[in-house]
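Q: So here's final_2.cif (mmCIF, C-alpha atoms and all ligand atoms).
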```cif
data_my_file
#
loop_
_atom_site.label_atom_id
_atom_site.label_comp_id
_atom_site.auth_asym_id
_atom_site.auth_seq_id
_atom_site.Cartn_x
_atom_site.Cartn_y
_atom_site.Cartn_z
CA MET A 1 0.00 0.00 0.00
CA LEU A 2 2.82 2.37 0.94
CA ARG A 3 5.89 2.05 -1.23
CA PHE A 4 9.15 3.94 -1.32
CA LEU A 5 12.25 3.84 -3.48
CA THR A 6 15.48 5.59 -2.60
CA ALA A 7 18.20 6.73 -5.00
CA GLY A 8 21.53 8.46 -4.52
CA GLU A 9 25.24 7.89 -3.89
CA SER A 10 27.11 8.90 -0.75
CA HIS A 11 29.15 11.58 -2.57
CA GLY A 12 26.78 12.19 -5.47
CA PRO A 13 24.79 15.43 -5.75
CA ALA A 14 21.91 14.30 -3.53
CA LEU A 15 19.94 11.52 -1.87
CA SER A 16 16.34 11.16 -2.90
CA VAL A 17 13.24 9.13 -2.22
CA VAL A 18 9.80 8.75 -3.74
CA VAL A 19 7.02 7.74 -1.33
CA GLU A 20 3.83 6.52 -2.92
CA GLY A 21 0.54 5.54 -1.34
CA LEU A 22 0.12 8.15 1.37
CA PRO A 23 -3.51 9.23 1.60
CA ALA A 24 -4.41 12.83 0.83
CA GLY A 25 -4.69 15.30 3.68
CA VAL A 26 -1.84 14.15 5.93
CA PRO A 27 -0.19 17.20 7.56
CA VAL A 28 3.49 17.45 6.58
CA GLU A 29 5.88 19.88 8.27
CA ARG A 30 9.32 20.20 6.71
CA GLU A 31 10.80 21.08 10.10
CA ARG A 32 9.74 17.68 11.49
CA ILE A 33 11.50 15.85 8.65
CA ASP A 34 14.62 17.95 9.27
CA THR A 35 14.47 17.17 12.99
CA ASP A 36 14.64 13.43 12.23
CA LEU A 37 17.45 14.00 9.72
CA ARG A 38 19.37 15.89 12.40
CA ARG A 39 18.76 13.12 14.95
CA ARG A 40 20.16 10.58 12.48
CA GLN A 41 23.31 12.63 12.02
CA GLY A 42 23.99 12.83 15.74
CA GLY A 43 25.23 10.45 18.39
CA TYR A 44 28.64 10.14 19.97
CA GLY A 45 31.09 8.23 17.79
CA ARG A 46 30.27 9.81 14.43
CA GLY A 47 33.15 10.82 12.15
CA GLY A 48 34.18 13.72 9.94
CA ARG A 49 31.40 13.51 7.36
CA MET A 50 28.77 14.64 9.83
CA LYS A 51 30.69 17.87 10.39
CA ILE A 52 30.37 18.61 6.66
CA GLU A 53 26.70 17.79 6.20
CA THR A 54 23.64 19.58 7.60
CA ASP A 55 20.96 17.37 6.11
CA THR A 56 17.81 19.31 5.19
CA VAL A 57 14.95 18.16 3.01
CA GLU A 58 13.51 19.69 -0.13
CA ILE A 59 9.97 18.59 -0.94
CA LEU A 60 9.70 18.24 -4.71
CA SER A 61 6.17 16.92 -5.10
CA GLY A 62 3.08 15.48 -3.48
CA VAL A 63 2.61 18.09 -0.76
CA ARG A 64 0.73 21.37 -1.12
CA HIS A 65 0.14 23.98 1.56
CA GLY A 66 1.26 21.61 4.29
CA ARG A 67 -0.81 18.53 3.36
CA THR A 68 -0.25 15.50 1.17
CA LEU A 69 -2.15 15.40 -2.13
CA GLY A 70 -2.32 11.62 -2.51
CA SER A 71 0.24 11.84 -5.32
CA PRO A 72 3.83 10.54 -4.98
CA VAL A 73 5.90 12.56 -2.54
CA GLY A 74 9.40 13.29 -3.85
CA LEU A 75 12.05 14.27 -1.30
CA LEU A 76 15.63 15.43 -1.87
CA VAL A 77 18.56 15.89 0.53
CA ARG A 78 21.66 17.45 -1.05
CA ASN A 79 25.16 16.16 -0.25
CA LEU A 80 27.19 19.25 0.62
CA ASP A 81 30.36 17.13 0.34
CA HIS A 82 29.61 16.59 -3.36
CA GLU A 83 31.42 19.85 -4.13
CA SER A 84 34.79 18.08 -3.52
CA TRP A 85 33.75 15.01 -5.53
CA ARG A 86 32.31 16.58 -8.68
CA ASP A 87 34.71 14.95 -11.14
CA VAL A 88 34.95 11.66 -9.21
CA MET A 89 31.17 11.27 -9.17
CA SER A 90 30.39 12.90 -12.50
CA PRO A 91 27.84 11.03 -14.66
CA ASP A 92 29.84 12.14 -17.72
CA PRO A 93 33.00 10.43 -19.04
CA GLN A 94 36.11 11.77 -17.28
CA PRO A 95 39.87 11.84 -17.95
CA ASP A 96 41.97 9.11 -16.30
CA ALA A 97 43.08 11.37 -13.45
CA ALA A 98 39.50 11.72 -12.18
CA ARG A 99 38.87 7.99 -12.59
CA GLU A 100 41.96 7.18 -10.51
CA ARG A 101 41.61 9.88 -7.86
CA ARG A 102 39.32 8.00 -5.47
CA ARG A 103 39.69 4.51 -6.86
CA LEU A 104 39.39 1.80 -4.16
CA ARG A 105 41.10 -1.55 -4.63
CA HIS A 106 41.39 -3.14 -1.19
CA PRO A 107 38.00 -4.46 -0.03
CA ARG A 108 37.12 -3.95 3.64
CA PRO A 109 36.07 -7.22 5.28
CA GLY A 110 32.47 -6.83 6.47
CA HIS A 111 31.53 -4.12 4.00
CA ALA A 112 29.75 -4.75 0.68
CA ASP A 113 33.04 -4.03 -1.13
CA LEU A 114 34.09 -7.52 -2.24
CA ALA A 115 30.64 -9.06 -2.63
CA GLY A 116 29.53 -5.99 -4.60
CA ALA A 117 32.60 -6.09 -6.86
CA LEU A 118 31.97 -9.77 -7.61
CA LYS A 119 28.33 -9.05 -8.27
CA TYR A 120 28.78 -6.11 -10.65
CA GLY A 121 32.13 -7.15 -12.13
CA THR A 122 34.17 -4.09 -11.25
CA ASP A 123 37.64 -3.73 -9.78
CA ASP A 124 36.94 -0.14 -8.68
CA LEU A 125 35.23 -0.58 -5.33
CA ARG A 126 34.19 3.08 -5.45
CA ASN A 127 31.36 1.90 -7.75
CA VAL A 128 30.10 -0.30 -4.89
CA VAL A 129 30.70 1.72 -1.75
CA GLU A 130 29.03 4.86 -3.00
CA ARG A 131 25.65 3.16 -2.97
CA ALA A 132 26.32 0.58 -0.24
CA SER A 133 27.22 3.39 2.20
CA ALA A 134 24.94 3.91 5.16
CA ARG A 135 24.46 7.46 3.93
CA GLU A 136 21.48 5.96 2.05
CA THR A 137 19.66 5.82 5.39
CA THR A 138 19.16 9.60 5.05
CA SER A 139 16.52 8.86 2.40
CA ARG A 140 14.87 6.28 4.65
CA VAL A 141 14.66 8.68 7.57
CA ALA A 142 13.08 11.34 5.33
CA ALA A 143 10.52 8.78 4.08
CA GLY A 144 9.98 7.55 7.63
CA ALA A 145 9.10 11.08 8.74
CA LEU A 146 6.18 10.99 6.28
CA ALA A 147 5.03 7.63 7.63
CA ARG A 148 5.25 9.09 11.12
CA ALA A 149 3.10 12.03 10.04
CA LEU A 150 0.34 9.60 9.05
CA LEU A 151 0.76 7.48 12.17
CA ARG A 152 0.61 10.56 14.40
CA GLU A 153 -2.89 11.25 13.08
CA VAL A 154 -4.09 7.85 14.32
CA GLY A 155 -2.32 8.14 17.68
CA VAL A 156 0.75 5.99 16.94
CA GLU A 157 4.20 7.14 18.08
CA VAL A 158 7.56 5.49 17.37
CA ARG A 159 10.68 5.97 19.50
CA SER A 160 13.97 4.19 20.11
CA HIS A 161 16.85 3.91 22.55
CA VAL A 162 20.27 2.32 22.76
CA VAL A 163 20.44 -0.83 24.88
CA ARG A 164 24.12 -1.71 24.42
CA ILE A 165 27.37 -0.39 22.99
CA GLY A 166 30.15 -2.95 23.19
CA ALA A 167 30.40 -4.18 26.79
CA ALA A 168 28.31 -1.31 28.22
CA ALA A 169 24.63 -2.27 28.48
CA LEU A 170 21.41 -1.46 30.29
CA PRO A 171 20.48 -4.03 32.94
CA ALA A 172 17.91 -6.63 31.79
CA GLY A 173 14.30 -5.47 32.09
CA VAL A 174 11.68 -3.44 30.33
CA VAL A 175 12.45 0.22 29.58
CA ALA A 176 9.18 2.08 30.09
CA TRP A 177 7.89 4.39 27.37
CA GLU A 178 8.00 7.33 29.81
CA ALA A 179 11.74 6.78 30.40
CA LEU A 180 12.42 7.44 26.70
CA ASP A 181 12.16 11.21 27.27
CA ALA A 182 15.78 11.11 28.46
CA VAL A 183 17.05 9.68 25.16
CA GLU A 184 17.17 12.87 23.10
CA GLU A 185 19.45 14.53 25.69
CA SER A 186 21.87 11.59 25.85
CA PRO A 187 25.00 11.61 23.62
CA VAL A 188 24.46 7.90 22.95
CA ARG A 189 20.60 7.94 23.09
CA CYS A 190 20.57 5.85 26.27
CA VAL A 191 17.92 6.23 29.01
CA ASP A 192 20.42 5.71 31.86
CA ALA A 193 22.99 8.48 32.31
CA ARG A 194 25.45 6.19 34.16
CA VAL A 195 25.34 3.50 31.48
CA ALA A 196 25.72 6.27 28.86
CA VAL A 197 29.05 7.26 30.45
CA ALA A 198 30.25 3.66 30.10
CA MET A 199 29.02 3.59 26.46
CA VAL A 200 30.96 6.76 25.64
CA ALA A 201 34.05 5.17 27.23
CA GLU A 202 33.57 2.08 25.02
CA ILE A 203 33.53 4.30 21.93
CA ASP A 204 36.60 6.27 23.10
CA ARG A 205 38.50 3.04 23.71
CA ALA A 206 37.61 1.64 20.29
CA LYS A 207 38.63 4.91 18.61
CA LYS A 208 41.97 4.97 20.45
CA ASP A 209 42.62 1.41 19.24
CA GLY A 210 41.80 2.32 15.61
CA ASP A 211 38.82 -0.01 15.90
CA SER A 212 35.00 0.22 15.76
CA VAL A 213 32.26 -0.92 18.13
CA GLY A 214 28.67 -2.16 17.68
CA GLY A 215 25.65 -2.49 19.91
CA VAL A 216 21.93 -3.05 20.27
CA VAL A 217 18.98 -0.68 19.79
CA GLU A 218 15.35 -1.11 20.75
CA VAL A 219 12.56 0.47 18.73
CA ILE A 220 9.10 0.85 20.24
CA ALA A 221 5.74 1.89 18.81
CA ARG A 222 2.86 2.92 21.07
CA GLY A 223 -0.81 3.21 20.20
CA VAL A 224 -0.71 0.64 17.39
CA PRO A 225 -4.20 -0.70 16.68
CA ALA A 226 -4.77 -4.43 17.15
CA GLY A 227 -5.28 -6.46 14.01
CA LEU A 228 -2.53 -5.18 11.69
CA GLY A 229 -0.73 -7.87 9.70
CA SER A 230 -2.04 -11.40 9.30
CA TYR A 231 -1.33 -14.98 10.33
CA ALA A 232 -2.95 -16.25 7.13
CA GLN A 233 0.10 -16.22 4.84
CA TRP A 234 3.85 -16.11 5.47
CA ASP A 235 4.54 -12.86 3.70
CA ARG A 236 1.70 -11.04 5.47
CA LYS A 237 3.01 -11.75 8.97
CA LEU A 238 3.89 -8.36 10.41
CA ASP A 239 6.70 -9.64 12.65
CA GLY A 240 8.42 -10.97 9.52
CA ARG A 241 7.90 -7.69 7.70
CA ILE A 242 9.31 -5.70 10.62
CA ALA A 243 12.29 -8.05 10.87
CA GLN A 244 13.05 -7.64 7.17
CA ALA A 245 12.80 -3.86 7.41
CA LEU A 246 15.14 -3.69 10.40
CA MET A 247 17.56 -6.27 9.00
CA SER A 248 17.86 -4.19 5.82
CA ILE A 249 19.47 -1.35 7.78
CA HIS A 250 23.21 -1.16 7.13
CA ALA A 251 25.26 -3.01 9.80
CA VAL A 252 22.23 -4.77 11.37
CA LYS A 253 23.02 -8.48 11.76
CA ALA A 254 20.22 -9.75 14.04
CA VAL A 255 16.66 -8.76 14.91
CA ALA A 256 14.40 -9.89 17.76
CA ILE A 257 10.75 -9.12 18.42
CA GLY A 258 9.93 -8.43 22.08
CA GLU A 259 11.90 -10.74 24.37
CA GLY A 260 12.46 -13.08 21.42
CA LEU A 261 16.14 -13.67 22.18
CA ALA A 262 15.21 -15.23 25.54
CA GLY A 263 12.66 -17.54 23.90
CA GLY A 264 15.14 -20.34 23.44
CA GLU A 265 16.01 -20.56 27.11
CA THR A 266 12.68 -19.84 28.83
CA ARG A 267 9.74 -22.14 29.56
CA GLY A 268 6.37 -21.36 28.05
CA SER A 269 4.82 -20.51 31.41
CA ALA A 270 7.42 -17.79 31.98
CA PHE A 271 7.50 -16.55 28.40
CA HIS A 272 3.94 -15.92 27.30
CA ASP A 273 1.82 -12.92 28.25
CA GLU A 274 -1.26 -13.89 30.24
CA ILE A 275 -4.65 -12.47 29.32
CA VAL A 276 -6.60 -11.00 32.22
CA GLY A 277 -9.71 -8.86 32.45
CA ASP A 278 -13.29 -8.60 33.48
CA ALA A 279 -16.61 -7.67 31.97
CA GLU A 280 -16.31 -4.01 32.97
CA ALA A 281 -12.67 -3.15 32.27
CA GLY A 282 -12.10 -5.35 29.24
CA LEU A 283 -8.99 -7.36 28.44
CA ARG A 284 -5.48 -6.54 29.66
CA ARG A 285 -2.00 -8.07 29.27
CA PRO A 286 0.14 -7.72 32.43
CA THR A 287 3.34 -8.34 30.43
CA ASN A 288 4.43 -7.79 26.83
CA ARG A 289 7.23 -10.26 26.13
CA ALA A 290 5.73 -10.91 22.70
CA GLY A 291 6.54 -7.33 21.70
CA GLY A 292 2.97 -6.60 20.61
CA LEU A 293 2.82 -9.35 18.00
CA GLU A 294 1.18 -12.76 18.22
CA GLY A 295 0.76 -14.89 15.10
CA GLY A 296 2.19 -12.06 13.02
CA VAL A 297 -0.72 -9.81 14.04
CA THR A 298 -0.61 -6.75 16.33
CA ASN A 299 -2.39 -7.43 19.62
CA GLY A 300 -2.77 -3.83 20.79
CA GLU A 301 0.30 -3.80 23.05
CA GLU A 302 3.42 -1.76 22.32
CA ILE A 303 5.42 -3.06 19.37
CA ARG A 304 8.97 -3.73 20.61
CA ALA A 305 11.85 -4.93 18.48
CA ARG A 306 15.60 -5.04 18.94
CA ALA A 307 18.30 -4.82 16.32
CA VAL A 308 21.92 -5.86 16.78
CA VAL A 309 24.27 -3.47 15.00
CA LYS A 310 27.68 -4.87 14.10
CA PRO A 311 30.84 -2.79 14.50
CA ILE A 312 31.23 -0.90 11.22
CA PRO A 313 33.83 -2.36 8.83
CA THR A 314 35.99 0.70 8.15
CA LEU A 315 38.87 0.34 10.62
CA LEU A 316 41.68 2.86 11.06
CA ILE A 317 43.95 -0.11 11.82
CA PRO A 318 42.70 -2.21 8.94
CA LEU A 319 42.22 -5.95 8.63
CA ARG A 320 43.99 -8.11 6.04
CA SER A 321 42.70 -7.89 2.51
CA VAL A 322 44.03 -8.04 -1.05
CA ASP A 323 44.57 -5.73 -3.99
CA LEU A 324 41.70 -6.71 -6.25
CA ALA A 325 43.73 -5.99 -9.40
CA THR A 326 46.76 -8.16 -8.43
CA ARG A 327 45.37 -10.38 -5.63
CA GLU A 328 48.51 -9.47 -3.64
CA PRO A 329 48.06 -9.12 0.13
CA GLN A 330 47.19 -5.58 1.22
CA LYS A 331 45.61 -3.91 4.20
CA ALA A 332 41.92 -3.07 3.70
CA SER A 333 41.12 0.46 2.51
CA VAL A 334 40.84 3.14 5.15
CA GLU A 335 38.14 5.67 4.44
CA ARG A 336 37.16 8.54 6.70
CA SER A 337 34.55 6.90 8.90
CA ASP A 338 32.67 6.67 12.18
CA THR A 339 33.72 4.70 15.26
CA CYS A 340 30.16 3.86 16.28
CA VAL A 341 26.82 4.30 14.50
CA VAL A 342 24.58 2.60 17.04
CA PRO A 343 22.75 5.79 18.17
CA ALA A 344 22.07 6.72 14.52
CA ALA A 345 20.88 3.19 13.75
CA GLY A 346 18.13 3.65 16.35
CA VAL A 347 16.79 6.67 14.46
CA VAL A 348 16.86 4.71 11.19
CA ALA A 349 15.08 1.81 12.91
CA GLU A 350 12.31 4.21 13.96
CA ALA A 351 11.89 5.25 10.33
CA MET A 352 11.77 1.66 9.08
CA LEU A 353 9.27 0.59 11.76
CA ALA A 354 7.11 3.64 10.99
CA LEU A 355 7.11 2.79 7.28
CA VAL A 356 6.10 -0.84 7.91
CA LEU A 357 3.37 0.14 10.38
CA ALA A 358 1.99 2.84 8.08
CA ASP A 359 1.85 0.28 5.27
CA ALA A 360 0.07 -2.24 7.50
CA LEU A 361 -2.35 0.41 8.74
CA LEU A 362 -3.35 1.38 5.20
CA GLU A 363 -3.71 -2.29 4.31
CA LYS A 364 -6.19 -2.61 7.18
CA THR A 365 -8.15 0.60 6.67
CA GLY A 366 -7.80 1.40 2.98
CA GLY A 367 -8.83 4.96 2.18
CA ASP A 368 -7.63 7.63 -0.23
CA SER A 369 -7.89 10.48 2.25
CA LEU A 370 -6.92 10.83 5.88
CA ASP A 371 -10.62 11.26 6.74
CA GLU A 372 -11.41 7.87 5.20
CA VAL A 373 -8.52 6.24 7.07
CA LEU A 374 -9.76 7.73 10.36
CA SER A 375 -13.39 6.68 9.87
CA HIS A 376 -12.46 3.15 8.74
CA LEU A 377 -10.16 2.80 11.74
CA GLU A 378 -12.88 3.99 14.09
CA ALA A 379 -15.19 1.30 12.70
CA THR A 380 -12.48 -1.31 13.32
CA ARG A 381 -11.94 -0.07 16.85
CA ALA A 382 -15.67 -0.12 17.59
CA GLY A 383 -15.83 -3.77 16.52
CA GLN A 384 -12.86 -4.62 18.72
CA ARG A 385 -14.43 -2.87 21.72
CA ARG A 386 -17.54 -5.00 21.28
CA LEU A 387 -15.33 -8.09 21.50
CA ALA A 388 -12.68 -7.17 24.05
CA GLY A 389 -14.16 -4.23 25.97
CA PRO A 390 -12.63 -0.77 26.35
CA ARG A 391 -8.85 -0.32 26.19
C1 LIG A 401 27.28 8.14 6.53
C2 LIG A 401 28.11 8.79 5.65
C3 LIG A 401 29.41 8.20 5.29
C4 LIG A 401 29.99 7.45 6.46
C5 LIG A 401 29.04 6.41 7.02
C6 LIG A 401 27.64 6.85 7.13
O1 LIG A 401 30.20 9.27 4.88
P1 LIG A 401 31.71 9.18 4.30
O2 LIG A 401 31.82 7.87 3.56
O3 LIG A 401 31.86 10.39 3.41
O4 LIG A 401 32.57 9.29 5.52
O5 LIG A 401 30.29 8.37 7.50
O6 LIG A 401 29.05 5.26 6.21
C7 LIG A 401 29.49 4.10 6.76
C8 LIG A 401 29.78 3.95 8.00
C9 LIG A 401 29.61 2.98 5.83
O7 LIG A 401 30.18 1.96 6.24
O8 LIG A 401 29.21 3.11 4.71
C10 LIG A 401 25.98 8.69 6.92
O9 LIG A 401 25.53 9.76 6.40
O10 LIG A 401 25.33 8.08 7.79
#
```
Would you encode the structure as structure tokens?

A:
Amino acid sequence: MLRFLTAGESHGPALSVVVEGLPAGVPVERERIDTDLRRRQGGYGRGGRMKIETDTVEILSGVRHGRTLGSPVGLLVRNLDHESWRDVMSPDPQPDAARERRRLRHPRPGHADLAGALKYGTDDLRNVVERASARETTSRVAAGALARALLREVGVEVRSHVVRIGAAALPAGVVAWEALDAVEESPVRCVDARVAVAMVAEIDRAKKDGDSVGGVVEVIARGVPAGLGSYAQWDRKLDGRIAQALMSIHAVKAVAIGEGLAGGETRGSAFHDEIVGDAEAGLRRPTNRAGGLEGGVTNGEEIRARAVVKPIPTLLIPLRSVDLATREPQKASVERSDTCVVPAAGVVAEAMLALVLADALLEKTGGDSLDEVLSHLEATRAGQRRLAGPR
């Protein structure tokens, strides 16, 4: 129902995205998109590129006088760094000097470099890294801000926080929605100021060692209506769709829904969320280990998912690699890079979850205008109240 396609290279003129399927009448504020773009650029552990860029969105189509039209929304974020890469990234044929200037020959283990070169048959890894770069997540965050704008109208909010960076982690347990207010003030987007100090120290240590460090983020959506997704077919299961969306984020290597990671070591009686209630108050779930999804369908609880972010592959003290032209041993390429992108990955995870939830919402309600979405959703909610009581 809601589709988006991104385009753009890390040092090309701009990153772009086309979002199609948003109903007409959704309020869109440019400042809110820019706020999310700024949040993505932040976080302790970022490198030199973020000092060059001040990502701001240009709305090219699909929005008029502050509301969506129902037509495709085109968004553009210019790469300020492009100025220094004009000849290297030019779409037009260039003299040899420009072709050689930023040529990359030594694939970084863990990056798309080698796999991409084998796929597209090139020995200039620049052709791979420019698109494989996590800079592409700028487009996703811009698109996610539009999904958020729709979700906000139906009372759904999406937030995230950092659970772990290297050895520094929050103690086990549920982080309450209310605690997330602290995240935006934290340099590592962590709810606990003491743990944040330890996370910053982890990043400093990795940087001093010429290394990188990964971590874990949790993304949470509140106010999600019950009944999104479906158990009826594998590709309609919303937990699977969320997992795919989160796994597609650069550097994410594992995804869990709710307390999913503990599922292999916990008995059923301690794992599942009991259903309690009475005729007056309706149904209630005292716990939410399922992360708001049962059978691939939202159950009305908060959606909670975790993503494990690997340490990024560009290392100042590089790993062993080869020269792709000669196959002689070489150290992997060293590009200007970040030490840790875990805080930024949380912001991207919010965008991806918002996009999946907005898609699933529209699948449930249909509707070409926001008014239709709202009235269809109210009809759904009325039916659910008849069955389960008030929420
Ligand atoms: C990124 C921009 C990139 C990197 C980073 C993410 O900029 P540059 O390549 O010019 O330094 O900082 O990309 C990676 C970590 C990666 O492995 O691709 C961004 O905007 O998020």

Q: Please indicate the distance in Å from CA of Phe4 in chain A to CA of Val18 in chain A, rounded to one decimal place.

A: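 About the pair CA of Phe4 in chain A and CA of Val18 in chain A: they are 5.4 Å apart.
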
Q: Provide the CA of Glu130 in chain A to CA of Gly8 in chain A distance in Å, to one decimal place.

A: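 Computed distance, CA of Glu130 in chain A to CA of Gly8 in chain A, equals 8.5 Å.
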
Q: Once you count only C-alpha atoms and all ligand atoms, which residues end up within 10 Å of ligand LIG 401 (chain A), and could you hand them over as a ChimeraX atom specification?

A: /A:9-11,37,40-42,46-53,55,79,81-82,108,110-113,129-139,250-251,311-315,335-341,344-345,348

Q: Of the candidates A:Ala115, A:Ile317, A:Val141, A:Ala24, which one gets nearest to Val57 in chain A if we count only C-alpha atoms?

A: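 The answer is A:Val141, which sits nearest to Val57 in chain A.
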
Q: Hey, which bits of range 78-194 of chain A sit within 12 Å of range 297-302 of chain A, and for each residue what's the closest pair of atoms and how far apart in Å (one decimal), counting all atoms listed in the file, rows by chain and increasing number, as JSON lines?

A:
```
{"residue": "A:Val156", "atom": "CA", "partner": "A:Glu302", "partner_atom": "CA", "distance": 9.8}
{"residue": "A:Glu157", "atom": "CA", "partner": "A:Glu302", "partner_atom": "CA", "distance": 9.9}
{"residue": "A:Val158", "atom": "CA", "partner": "A:Glu302", "partner_atom": "CA", "distance": 9.7}
{"residue": "A:Arg159", "atom": "CA", "partner": "A:Glu302", "partner_atom": "CA", "distance": 11.0}
{"residue": "A:Val174", "atom": "CA", "partner": "A:Glu302", "partner_atom": "CA", "distance": 11.6}
{"residue": "A:Val175", "atom": "CA", "partner": "A:Glu302", "partner_atom": "CA", "distance": 11.8}
{"residue": "A:Ala176", "atom": "CA", "partner": "A:Glu302", "partner_atom": "CA", "distance": 10.4}
{"residue": "A:Trp177", "atom": "CA", "partner": "A:Glu302", "partner_atom": "CA", "distance": 9.1}
```

Q: So that I have them on file, write out the residues from the current selection with C-alpha atoms, as a CSV table (one decimal), keeping the file's coordinate frame.

A:
```csv
chain,number,residue,atom,x,y,z
A,156,VAL,CA,0.8,6.0,16.9
A,157,GLU,CA,4.2,7.1,18.1
A,158,VAL,CA,7.6,5.5,17.4
A,159,ARG,CA,10.7,6.0,19.5
A,174,VAL,CA,11.7,-3.4,30.3
A,175,VAL,CA,12.4,0.2,29.6
A,176,ALA,CA,9.2,2.1,30.1
A,177,TRP,CA,7.9,4.4,27.4
```

Q: Within 12 Å of (19.6, 4.2, 28.8) (file coordinates; all atoms listed in the file), which protein or nucleic acid residues are there? I'd like them as a count of residues only.

A: 41

Q: Enclose range 245-253 of chain A, meaning all of its atoms listed in the file, in a box aligned along x, y and z, pad it by 5 Å on each side, and list the centre and edge lengths in Å to one decimal, as lines of an AutoDock Vina configuration file.

A:
```
center_x = 19.0
center_y = -4.8
center_z = 8.8
size_x = 22.5
size_y = 17.3
size_z = 15.9
```

Q: Write out as a list in words which residues come within 12 Å of Ala281 in chain A when counting only C-alpha atoms, dropping same-chain ones fewer than 4 positions away.

A: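 Within the cut-off, the hits are Val276, Gly277, Arg385, Ala388, Gly389, Pro390 and Arg391 of chain A.
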
Q: With distances taken over all atoms listed in the file, which residue among A:Gly258, A:Pro107, A:Gly66, A:Gly166 lies nearest Ala305 in chain A?

A: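 Looking at the shortest contact to Ala305 in chain A, the residue is A:Gly258.
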
Q: All heavy atoms are what I want for range 350-354 of chain A; can you complete it accordingly and write them as a PDB file, keeping the file's coordinate frame?

A:
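Dumped to result_1.pdb:
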```
ATOM      1  N   GLU A 350      13.619   3.551  13.777  1.00  0.00           N
ATOM      2  CA  GLU A 350      12.310   4.210  13.960  1.00  0.00           C
ATOM      3  C   GLU A 350      11.653   4.440  12.609  1.00  0.00           C
ATOM      4  O   GLU A 350      10.453   4.181  12.429  1.00  0.00           O
ATOM      5  CB  GLU A 350      12.489   5.572  14.639  1.00  0.00           C
ATOM      6  CG  GLU A 350      12.921   5.537  16.083  1.00  0.00           C
ATOM      7  CD  GLU A 350      13.191   6.942  16.615  1.00  0.00           C
ATOM      8  OE1 GLU A 350      12.644   7.914  16.056  1.00  0.00           O
ATOM      9  OE2 GLU A 350      13.967   7.050  17.584  1.00  0.00           O
ATOM     10  N   ALA A 351      12.436   4.950  11.659  1.00  0.00           N
ATOM     11  CA  ALA A 351      11.890   5.250  10.330  1.00  0.00           C
ATOM     12  C   ALA A 351      11.377   3.977   9.663  1.00  0.00           C
ATOM     13  O   ALA A 351      10.273   3.951   9.097  1.00  0.00           O
ATOM     14  CB  ALA A 351      12.963   5.907   9.458  1.00  0.00           C
ATOM     15  N   MET A 352      12.162   2.900   9.744  1.00  0.00           N
ATOM     16  CA  MET A 352      11.770   1.660   9.080  1.00  0.00           C
ATOM     17  C   MET A 352      10.518   1.061   9.735  1.00  0.00           C
ATOM     18  O   MET A 352       9.620   0.565   9.049  1.00  0.00           O
ATOM     19  CB  MET A 352      12.918   0.657   9.074  1.00  0.00           C
ATOM     20  CG  MET A 352      14.105   1.073   8.205  1.00  0.00           C
ATOM     21  SD  MET A 352      13.668   1.546   6.513  1.00  0.00           S
ATOM     22  CE  MET A 352      13.265  -0.044   5.800  1.00  0.00           C
ATOM     23  N   LEU A 353      10.469   1.117  11.078  1.00  0.00           N
ATOM     24  CA  LEU A 353       9.270   0.590  11.760  1.00  0.00           C
ATOM     25  C   LEU A 353       8.054   1.441  11.388  1.00  0.00           C
ATOM     26  O   LEU A 353       6.967   0.907  11.118  1.00  0.00           O
ATOM     27  CB  LEU A 353       9.483   0.559  13.278  1.00  0.00           C
ATOM     28  CG  LEU A 353       8.319  -0.017  14.070  1.00  0.00           C
ATOM     29  CD1 LEU A 353       8.013  -1.463  13.669  1.00  0.00           C
ATOM     30  CD2 LEU A 353       8.580   0.053  15.580  1.00  0.00           C
ATOM     31  N   ALA A 354       8.234   2.759  11.349  1.00  0.00           N
ATOM     32  CA  ALA A 354       7.110   3.640  10.990  1.00  0.00           C
ATOM     33  C   ALA A 354       6.601   3.324   9.588  1.00  0.00           C
ATOM     34  O   ALA A 354       5.391   3.284   9.346  1.00  0.00           O
ATOM     35  CB  ALA A 354       7.541   5.106  11.093  1.00  0.00           C
TER      36      ALA A 354
END
```
